[in-house]
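Structure first, commentary second.
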Amino acid sequence: MKEVLEKFKHFDPKPGEIFGDEYTSYIVPDVYVVKTEDGFDIFLNDDDIPELRLNRYYINLYADKKVNGDARKYIKNKVRQAEWFIKSISRGKGHCISWQKSIVQFQGEFLKRGSVSSNPSFLKDVALDIGVHESTVSRITTSKYMNSPQGKSMTEILFSHKYQ
């Protein structure tokens, strides 16, 4: 028994590890598409995105009448920049929903039935629908993932064809 135990001590507990990467990369969907009675609902996956808000200390400092001159101008400028940044992020989420709705609209049959009944949709169609250039649609769909009934990435859904 001791001899067998000694042999076991020298075995590698993870023999397949030498064939894999050190880091496993998991795909996290950017959006969830859920089939409902009325069609599809789209939800942004913002679980890992912190809520942005202005620091109360700086808002109070800006409102403080004792602060004046260059310090007040500096704080005012930084508060406006922060507000602009927060609004831009919020607007970006709205745009994200709009182009995803367009993709779902063009690819509704694909999402319902799979690639067999897919109607091809192209960058131009989505770009015209949401009022942006084709290159913008290409950029915003690259490396984006949608958790959908078909489990495809945005780019795969956008360019799905009957023969795929």
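Chains: A, B, ... in order of the structure tokens. Residues: from 1 per chain. Ligands: from 1, in order shown.
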
Region 8-161 of chain A: which residues are helix (DSSP H, G or I) by DSSP, as an NGL selection string? :A and (8-9 or 15-19 or 56-63 or 70-106 or 108-113 or 115-117 or 123-130 or 134-141 or 154-158)

If you run DSSP on the backbone here, which positions in chain A get strand (DSSP E or B)? Please write them as number ranges by chain. A: 31-36, 39-44, 145-147, 153

Could those residues be written to a file, using all heavy atoms, as a compact mmCIF listing (two decimals), in the first residue's frame?
```txt
# COMPACT_ATOMS: atom_id res chain seq x y z
N VAL A 31 -26.13 41.92 -24.39
CA VAL A 31 -27.58 42.12 -24.41
C VAL A 31 -28.28 40.77 -24.34
O VAL A 31 -27.74 39.76 -24.78
CB VAL A 31 -27.99 42.89 -25.69
CG1 VAL A 31 -27.72 42.09 -26.93
CG2 VAL A 31 -29.44 43.31 -25.66
N TYR A 32 -29.45 40.79 -23.75
CA TYR A 32 -30.30 39.60 -23.70
C TYR A 32 -31.52 39.86 -24.56
O TYR A 32 -32.15 40.91 -24.46
CB TYR A 32 -30.76 39.30 -22.27
CG TYR A 32 -29.64 38.92 -21.35
CD1 TYR A 32 -29.03 39.86 -20.52
CD2 TYR A 32 -29.18 37.61 -21.30
CE1 TYR A 32 -28.00 39.51 -19.67
CE2 TYR A 32 -28.14 37.25 -20.46
CZ TYR A 32 -27.56 38.20 -19.64
OH TYR A 32 -26.54 37.85 -18.80
N VAL A 33 -31.87 38.89 -25.40
CA VAL A 33 -33.09 38.95 -26.20
C VAL A 33 -33.97 37.81 -25.72
O VAL A 33 -33.55 36.65 -25.73
CB VAL A 33 -32.79 38.83 -27.71
CG1 VAL A 33 -34.08 38.79 -28.50
CG2 VAL A 33 -31.91 39.97 -28.16
N VAL A 34 -35.17 38.18 -25.29
CA VAL A 34 -36.10 37.20 -24.73
C VAL A 34 -37.35 37.17 -25.60
O VAL A 34 -37.94 38.21 -25.89
CB VAL A 34 -36.46 37.57 -23.28
CG1 VAL A 34 -37.44 36.57 -22.68
CG2 VAL A 34 -35.21 37.68 -22.42
N LYS A 35 -37.74 35.97 -25.99
CA LYS A 35 -38.95 35.81 -26.79
C LYS A 35 -40.17 35.95 -25.88
O LYS A 35 -40.23 35.34 -24.82
CB LYS A 35 -38.95 34.45 -27.48
CG LYS A 35 -40.08 34.28 -28.47
CD LYS A 35 -39.96 32.96 -29.20
CE LYS A 35 -41.10 32.84 -30.19
NZ LYS A 35 -41.08 31.58 -30.87
N THR A 36 -41.11 36.79 -26.31
CA THR A 36 -42.35 37.01 -25.56
C THR A 36 -43.53 36.73 -26.48
O THR A 36 -43.35 36.45 -27.67
CB THR A 36 -42.44 38.45 -25.03
OG1 THR A 36 -42.50 39.35 -26.15
CG2 THR A 36 -41.24 38.80 -24.15
N GLY A 39 -43.41 39.27 -29.36
CA GLY A 39 -42.21 39.34 -30.19
C GLY A 39 -40.98 39.09 -29.34
O GLY A 39 -40.84 38.04 -28.74
N PHE A 40 -40.12 40.10 -29.27
CA PHE A 40 -38.89 39.98 -28.50
C PHE A 40 -38.69 41.21 -27.64
O PHE A 40 -38.96 42.33 -28.08
CB PHE A 40 -37.67 39.83 -29.44
CG PHE A 40 -37.67 38.54 -30.20
CD1 PHE A 40 -38.12 38.50 -31.51
CD2 PHE A 40 -37.20 37.38 -29.62
CE1 PHE A 40 -38.12 37.32 -32.22
CE2 PHE A 40 -37.20 36.19 -30.33
CZ PHE A 40 -37.66 36.16 -31.63
N ASP A 41 -38.20 41.01 -26.43
CA ASP A 41 -37.79 42.11 -25.56
C ASP A 41 -36.27 42.10 -25.49
O ASP A 41 -35.64 41.04 -25.50
CB ASP A 41 -38.36 41.96 -24.15
CG ASP A 41 -39.83 42.33 -24.07
OD1 ASP A 41 -40.32 43.04 -24.98
OD2 ASP A 41 -40.49 41.91 -23.10
N ILE A 42 -35.69 43.30 -25.41
CA ILE A 42 -34.24 43.45 -25.38
C ILE A 42 -33.84 44.09 -24.06
O ILE A 42 -34.42 45.10 -23.65
CB ILE A 42 -33.76 44.33 -26.55
CG1 ILE A 42 -34.17 43.69 -27.87
CG2 ILE A 42 -32.26 44.55 -26.50
CD1 ILE A 42 -33.95 44.58 -29.07
N PHE A 43 -32.84 43.49 -23.42
CA PHE A 43 -32.35 44.01 -22.15
C PHE A 43 -30.83 44.14 -22.21
O PHE A 43 -30.15 43.19 -22.60
CB PHE A 43 -32.70 43.07 -21.00
CG PHE A 43 -34.17 42.79 -20.86
CD1 PHE A 43 -34.73 41.66 -21.43
CD2 PHE A 43 -34.98 43.68 -20.19
CE1 PHE A 43 -36.08 41.40 -21.31
CE2 PHE A 43 -36.34 43.43 -20.07
CZ PHE A 43 -36.88 42.29 -20.63
N LEU A 44 -30.32 45.29 -21.83
CA LEU A 44 -28.87 45.47 -21.74
C LEU A 44 -28.33 44.72 -20.55
O LEU A 44 -28.96 44.69 -19.49
CB LEU A 44 -28.51 46.95 -21.59
CG LEU A 44 -28.61 47.82 -22.82
CD1 LEU A 44 -28.27 49.26 -22.45
CD2 LEU A 44 -27.69 47.34 -23.91
N TYR A 145 -21.94 40.46 -28.11
CA TYR A 145 -22.63 39.19 -27.98
C TYR A 145 -24.05 39.38 -27.46
O TYR A 145 -24.30 40.20 -26.59
CB TYR A 145 -21.86 38.23 -27.06
CG TYR A 145 -20.56 37.83 -27.69
CD1 TYR A 145 -19.40 38.55 -27.47
CD2 TYR A 145 -20.51 36.75 -28.57
CE1 TYR A 145 -18.22 38.20 -28.08
CE2 TYR A 145 -19.33 36.40 -29.18
CZ TYR A 145 -18.19 37.13 -28.93
OH TYR A 145 -17.03 36.77 -29.56
N MET A 146 -24.94 38.59 -28.04
CA MET A 146 -26.35 38.64 -27.70
C MET A 146 -26.75 37.27 -27.17
O MET A 146 -26.50 36.26 -27.83
CB MET A 146 -27.15 38.97 -28.97
CG MET A 146 -28.63 38.86 -28.82
SD MET A 146 -29.48 39.11 -30.41
CE MET A 146 -29.40 40.88 -30.55
N ASN A 147 -27.32 37.24 -25.99
CA ASN A 147 -27.88 36.00 -25.47
C ASN A 147 -29.29 35.93 -26.03
O ASN A 147 -30.18 36.64 -25.59
CB ASN A 147 -27.88 36.03 -23.95
CG ASN A 147 -28.39 34.74 -23.35
OD1 ASN A 147 -29.20 34.05 -23.94
ND2 ASN A 147 -27.91 34.44 -22.17
N SER A 153 -23.55 35.56 -31.82
CA SER A 153 -23.01 36.89 -31.60
C SER A 153 -23.76 37.88 -32.48
O SER A 153 -24.42 37.50 -33.43
CB SER A 153 -21.52 36.94 -31.93
OG SER A 153 -21.33 36.93 -33.33
```

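The interatomic distance for the pair CA of Ala71 (chain A) and CA of Arg56 (chain A) works out to 16.9 Å.
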